[in-house]
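Notes for the one structure printed next.
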Amino acid sequence: MANSKYEYVKSYEVEDEVFLPNFIIVQINGCGFKRFSQVHEFEKPNDEVALNLMNSCAICVSEEFPDVVFLYGFSDEYSFVFKKTSKFYQRRASKVESIIVSFFTSVYVMKWREFFPHKELRYSPSFHAQVISCASIEVLQSYLLWRQTNCHTNNLHNTCLWELIKCGKTESEALELLRGTSKEEKNDLLFGNFEINYQKLNPMFRQGSCVLKTEVIDIVKHRENGSPVRRLRKKSSIVHSKNVAGKCFWNNHTGLMKELGSFTNDIGKVEPDYVRSFQFKKILMPSTWIVIRIDGCHFHRFSDVHEFVKPNDKQALNLMNACAVAVVKEFPDIVFSYGVSDEYSFVLKKDSHFYQRQASEIVSAIVSLFTSVYITKWKDFFHKKELKYPPYFDGRAVCYPSVEILRDYLAWRQVDCHINNQYNTCFWELVKSGKSKSEAQNFLKGTQTGDKEKLLKQFGIDYHKLPAMFRQGSSIFWDKEDITMMHENEKPGGNSLKRLIVEHCNIIEPSFWAAHSTILYR
């Protein structure tokens, strides 16, 4: 990043490393999936196609990130267990959870049509994520038992509920009938009233799904004479087990024992509060400005593969802006956002209680929705370009104690925008003129702003006349538009209507904030 007088704001970033030898688990859950399943008419109590979509996404995560060695999921939830020695993104909780939830969301939206060819995706789905830091293999075992017990309990209850509803009961009547009933009573209800043997239902519904990696011999290519070249590789597959926390299941898979360790005993019961105590919770400091910054992961390659215009692709930037607008509209506590290239910063109001100021909840909700909208709106901006693979983003939360420091943070990002854009504009003009990329880099080494402006003039470019979006980035904020209302027998008066504004302006200058003094305090 660029050096400037505003760089000091980086000192407010706090490390959130999950220290060894703790195991890292990332748990994701659908945001508002009760409504999502209703809107998209999922079958009740279980939609097999929807569950297969979740499983397919989990397999993609497993194959994309080798450090994820075991996965368990049911309903709209999935847990991703990292190998014990993982150094994935330096074990920073915010990075790990945001990357996993963003990639999962991206795949979910991209694969929707594959699993639901006749159902339109009516709005962008999103997921929450949190990190669980397991202090030992015994805690990991307890966590898995807790989640699978939850799967069984919820599924048995929901199966009874929907059978009662199908036979004419209202939802409230069905819930009242089931209140206080035991597992045995629910099983008797299903068998006696509906001739359903719960134990013979689809094991995916009752037990959830595991994703395991096994070593297989695969043909990677063929020699000139036609003979195959075989290599040993790891392949992800779905399995169902009655007890994923059982010693028999776990210790029969050598890959799990190698990467995570072995279970020495079976456990029959677990206290949920005990497992919850290992959740990696970070409550953001009250009465501070919360900034959520998201960045595209490996977007240099992504932009190459998708042939973005260099140094700036207007459509790609407009797509980022559209995603940011959707996020700002969805979360009212966001009062300002600023974006450049493949990054966006979202400022939450100082007194925000959004998700009780839990960092993981806020970051994952914003990153996941941004990712989801990016996929759903891709065709709106790239009509003739196929999205070749799932893009994803990482995110972090930083607190700033005063409006002056917050403005310095935004100034830092805009200075970075200017320096990087001016450099990239020069770089690509040199490349277009015939220089290699390394020659262009060497030519620009040590040059100052004035030098670059003179260089661009040689190519007939006045840097200050380039589109403001390229030079200054994009600012998104709510503003008030006064509307004068004149009705019969009513005195002239004013009424204010909020409107969302996307501007490409200088947010470093005090005049901007003077002209929009209510932005941060609406």
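Ligands are numbered from 1 in the order shown, residues from 1 within each chain, and chains are lettered A, B, ... in the order they appear in the structure tokens.
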
**OP:** Enumerate as an MDAnalysis selection string all residues of segment 340-394 of chain A assigned to strand (DSSP E or B) by DSSP on the backbone, naming them with the chain letters and numbers the document uses.
**Re:** chainID A and resid 340 343:348 358 393:394

Selection above as a file: N, CA and C atoms, as a PDB file, in the first residue's frame:
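Wrote part_9.pdb, looks like this:
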```pdb
ATOM      1  N   VAL A 340     -12.562   1.286  -4.112  1.00  0.00           N
ATOM      2  CA  VAL A 340     -11.610   1.468  -5.200  1.00  0.00           C
ATOM      3  C   VAL A 340     -11.128   0.091  -5.633  1.00  0.00           C
ATOM      4  N   GLU A 343     -11.646  -3.386  -3.666  1.00  0.00           N
ATOM      5  CA  GLU A 343     -11.865  -3.247  -2.225  1.00  0.00           C
ATOM      6  C   GLU A 343     -13.000  -2.268  -1.939  1.00  0.00           C
ATOM      7  N   TYR A 344     -13.638  -2.470  -0.775  1.00  0.00           N
ATOM      8  CA  TYR A 344     -14.675  -1.548  -0.310  1.00  0.00           C
ATOM      9  C   TYR A 344     -14.623  -1.457   1.208  1.00  0.00           C
ATOM     10  N   SER A 345     -14.832  -0.240   1.725  1.00  0.00           N
ATOM     11  CA  SER A 345     -14.897  -0.005   3.165  1.00  0.00           C
ATOM     12  C   SER A 345     -16.302   0.458   3.522  1.00  0.00           C
ATOM     13  N   PHE A 346     -16.865  -0.134   4.564  1.00  0.00           N
ATOM     14  CA  PHE A 346     -18.206   0.213   5.028  1.00  0.00           C
ATOM     15  C   PHE A 346     -18.116   0.758   6.455  1.00  0.00           C
ATOM     16  N   VAL A 347     -18.621   1.966   6.649  1.00  0.00           N
ATOM     17  CA  VAL A 347     -18.558   2.628   7.953  1.00  0.00           C
ATOM     18  C   VAL A 347     -19.906   2.488   8.647  1.00  0.00           C
ATOM     19  N   LEU A 348     -19.894   1.906   9.851  1.00  0.00           N
ATOM     20  CA  LEU A 348     -21.106   1.787  10.650  1.00  0.00           C
ATOM     21  C   LEU A 348     -21.175   2.940  11.646  1.00  0.00           C
ATOM     22  N   GLN A 358     -20.699  -7.854  17.407  1.00  0.00           N
ATOM     23  CA  GLN A 358     -19.836  -9.041  17.288  1.00  0.00           C
ATOM     24  C   GLN A 358     -19.134  -8.998  15.935  1.00  0.00           C
ATOM     25  N   PHE A 393     -14.002 -12.885  -1.415  1.00  0.00           N
ATOM     26  CA  PHE A 393     -13.433 -11.722  -0.744  1.00  0.00           C
ATOM     27  C   PHE A 393     -13.075 -12.078   0.697  1.00  0.00           C
ATOM     28  N   ASP A 394     -12.117 -11.324   1.241  1.00  0.00           N
ATOM     29  CA  ASP A 394     -11.878 -11.432   2.677  1.00  0.00           C
ATOM     30  C   ASP A 394     -12.315 -10.139   3.341  1.00  0.00           C
TER      31      ASP A 394
END
```

**OP:** Within 9 Å of segment 247-264 of chain A, counting only C-alpha atoms, which residues show up once you throw out same-chain ones fewer than 6 positions away? Write them as a ChimeraX atom specification, please.
**Re:** /A:23,69-70,81-85,137-138,141,212-215,241

Produce a file of the selected residues containing N, CA and C atoms, as a PDB file, in the first residue's frame.
```
ATOM      1  N   PHE A  23      -7.391 -26.117  17.533  1.00  0.00           N
ATOM      2  CA  PHE A  23      -7.996 -26.470  16.244  1.00  0.00           C
ATOM      3  C   PHE A  23      -8.889 -25.323  15.790  1.00  0.00           C
ATOM      4  N   VAL A  69      -9.873 -30.232   6.292  1.00  0.00           N
ATOM      5  CA  VAL A  69      -9.719 -31.683   6.169  1.00  0.00           C
ATOM      6  C   VAL A  69     -10.969 -32.463   6.560  1.00  0.00           C
ATOM      7  N   PHE A  70     -11.915 -31.828   7.235  1.00  0.00           N
ATOM      8  CA  PHE A  70     -13.166 -32.515   7.579  1.00  0.00           C
ATOM      9  C   PHE A  70     -14.288 -31.489   7.600  1.00  0.00           C
ATOM     10  N   VAL A  81     -13.469 -28.001   9.418  1.00  0.00           N
ATOM     11  CA  VAL A  81     -12.400 -28.261  10.386  1.00  0.00           C
ATOM     12  C   VAL A  81     -11.060 -28.217   9.651  1.00  0.00           C
ATOM     13  N   PHE A  82     -10.164 -27.354  10.132  1.00  0.00           N
ATOM     14  CA  PHE A  82      -8.840 -27.209   9.539  1.00  0.00           C
ATOM     15  C   PHE A  82      -7.856 -28.161  10.215  1.00  0.00           C
ATOM     16  N   LYS A  83      -6.866 -28.614   9.454  1.00  0.00           N
ATOM     17  CA  LYS A  83      -5.850 -29.478  10.045  1.00  0.00           C
ATOM     18  C   LYS A  83      -5.159 -28.754  11.193  1.00  0.00           C
ATOM     19  N   LYS A  84      -4.681 -29.531  12.130  1.00  0.00           N
ATOM     20  CA  LYS A  84      -4.169 -28.961  13.381  1.00  0.00           C
ATOM     21  C   LYS A  84      -3.016 -27.996  13.153  1.00  0.00           C
ATOM     22  N   THR A  85      -2.167 -28.269  12.177  1.00  0.00           N
ATOM     23  CA  THR A  85      -0.970 -27.452  11.939  1.00  0.00           C
ATOM     24  C   THR A  85      -1.210 -26.327  10.940  1.00  0.00           C
ATOM     25  N   ILE A 137      -8.386 -32.166  21.107  1.00  0.00           N
ATOM     26  CA  ILE A 137      -9.136 -33.100  20.272  1.00  0.00           C
ATOM     27  C   ILE A 137     -10.442 -33.488  20.951  1.00  0.00           C
ATOM     28  N   GLU A 138     -10.452 -33.473  22.296  1.00  0.00           N
ATOM     29  CA  GLU A 138     -11.676 -33.795  23.030  1.00  0.00           C
ATOM     30  C   GLU A 138     -12.746 -32.717  22.827  1.00  0.00           C
ATOM     31  N   GLN A 141     -14.199 -33.256  19.415  1.00  0.00           N
ATOM     32  CA  GLN A 141     -15.132 -34.379  19.472  1.00  0.00           C
ATOM     33  C   GLN A 141     -16.472 -33.944  20.073  1.00  0.00           C
ATOM     34  N   LEU A 212     -15.288 -36.043   3.422  1.00  0.00           N
ATOM     35  CA  LEU A 212     -13.984 -36.616   3.762  1.00  0.00           C
ATOM     36  C   LEU A 212     -13.075 -36.591   2.547  1.00  0.00           C
ATOM     37  N   LYS A 213     -11.782 -36.513   2.809  1.00  0.00           N
ATOM     38  CA  LYS A 213     -10.793 -36.588   1.729  1.00  0.00           C
ATOM     39  C   LYS A 213     -10.091 -37.939   1.806  1.00  0.00           C
ATOM     40  N   THR A 214     -10.120 -38.641   0.688  1.00  0.00           N
ATOM     41  CA  THR A 214      -9.432 -39.931   0.607  1.00  0.00           C
ATOM     42  C   THR A 214      -8.444 -39.903  -0.548  1.00  0.00           C
ATOM     43  N   GLU A 215      -7.367 -40.659  -0.407  1.00  0.00           N
ATOM     44  CA  GLU A 215      -6.343 -40.706  -1.450  1.00  0.00           C
ATOM     45  C   GLU A 215      -6.738 -41.687  -2.542  1.00  0.00           C
ATOM     46  N   SER A 241     -22.885 -40.839   8.570  1.00  0.00           N
ATOM     47  CA  SER A 241     -22.559 -41.709   9.697  1.00  0.00           C
ATOM     48  C   SER A 241     -23.484 -41.407  10.859  1.00  0.00           C
TER      49      SER A 241
END
```

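For Trp428 of chain A, the residues within 9 Å (counting only C-alpha atoms, excluding itself and residues fewer than 2 positions away along the chain) are Lys310, Pro311, Tyr423, Asn424, Thr425, Cys426, Leu430, Val431, Lys432, Ser433, Lys437 and Ala440 of chain A.
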
**OP:** Taking the chain letters and numbering used in this document, name the residues of segment 99-138 of chain A that DSSP puts in helix (DSSP H, G or I), as a ChimeraX atom specification.
**Re:** /A:99-115,137-138

Would you output that residue set with C-alpha atoms, as a short mmCIF file (atom, residue, chain, number, x, y, z; two decimals), in the first residue's frame?
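Printed below is result_12.cif as written:
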```cif
data_model
loop_
_atom_site.label_atom_id
_atom_site.label_comp_id
_atom_site.auth_asym_id
_atom_site.auth_seq_id
_atom_site.Cartn_x
_atom_site.Cartn_y
_atom_site.Cartn_z
CA ILE A 99 -12.80 -16.26 3.06
CA ILE A 100 -14.65 -19.50 3.79
CA VAL A 101 -18.08 -17.87 3.96
CA SER A 102 -17.42 -15.74 0.87
CA PHE A 103 -16.26 -18.69 -1.24
CA PHE A 104 -19.15 -20.87 -0.02
CA THR A 105 -21.64 -18.10 -0.88
CA SER A 106 -20.08 -17.61 -4.30
CA VAL A 107 -20.38 -21.30 -5.15
CA TYR A 108 -23.94 -21.48 -3.78
CA VAL A 109 -25.14 -18.74 -6.12
CA MET A 110 -23.16 -20.02 -9.12
CA LYS A 111 -24.48 -23.58 -8.69
CA TRP A 112 -28.09 -22.61 -8.01
CA ARG A 113 -29.19 -23.11 -11.62
CA GLU A 114 -27.48 -26.52 -11.73
CA PHE A 115 -29.61 -27.80 -8.83
CA ILE A 137 -9.14 -33.10 20.27
CA GLU A 138 -11.68 -33.80 23.03
#
```

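Note that the spacing between atom CA of Ser37 of chain A and atom CA of Ala50 of chain A amounts to 9.1 Å.
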
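Within the 10 Å cut-off around Asp218 of chain A, using only C-alpha atoms and omitting residues fewer than 3 positions from it on the same chain, the listed residues are A:Glu215, A:Lys221, A:Pro228, A:Val229, A:Arg230, A:Arg231, A:Leu232, A:Arg233, A:Lys234, A:Lys235.
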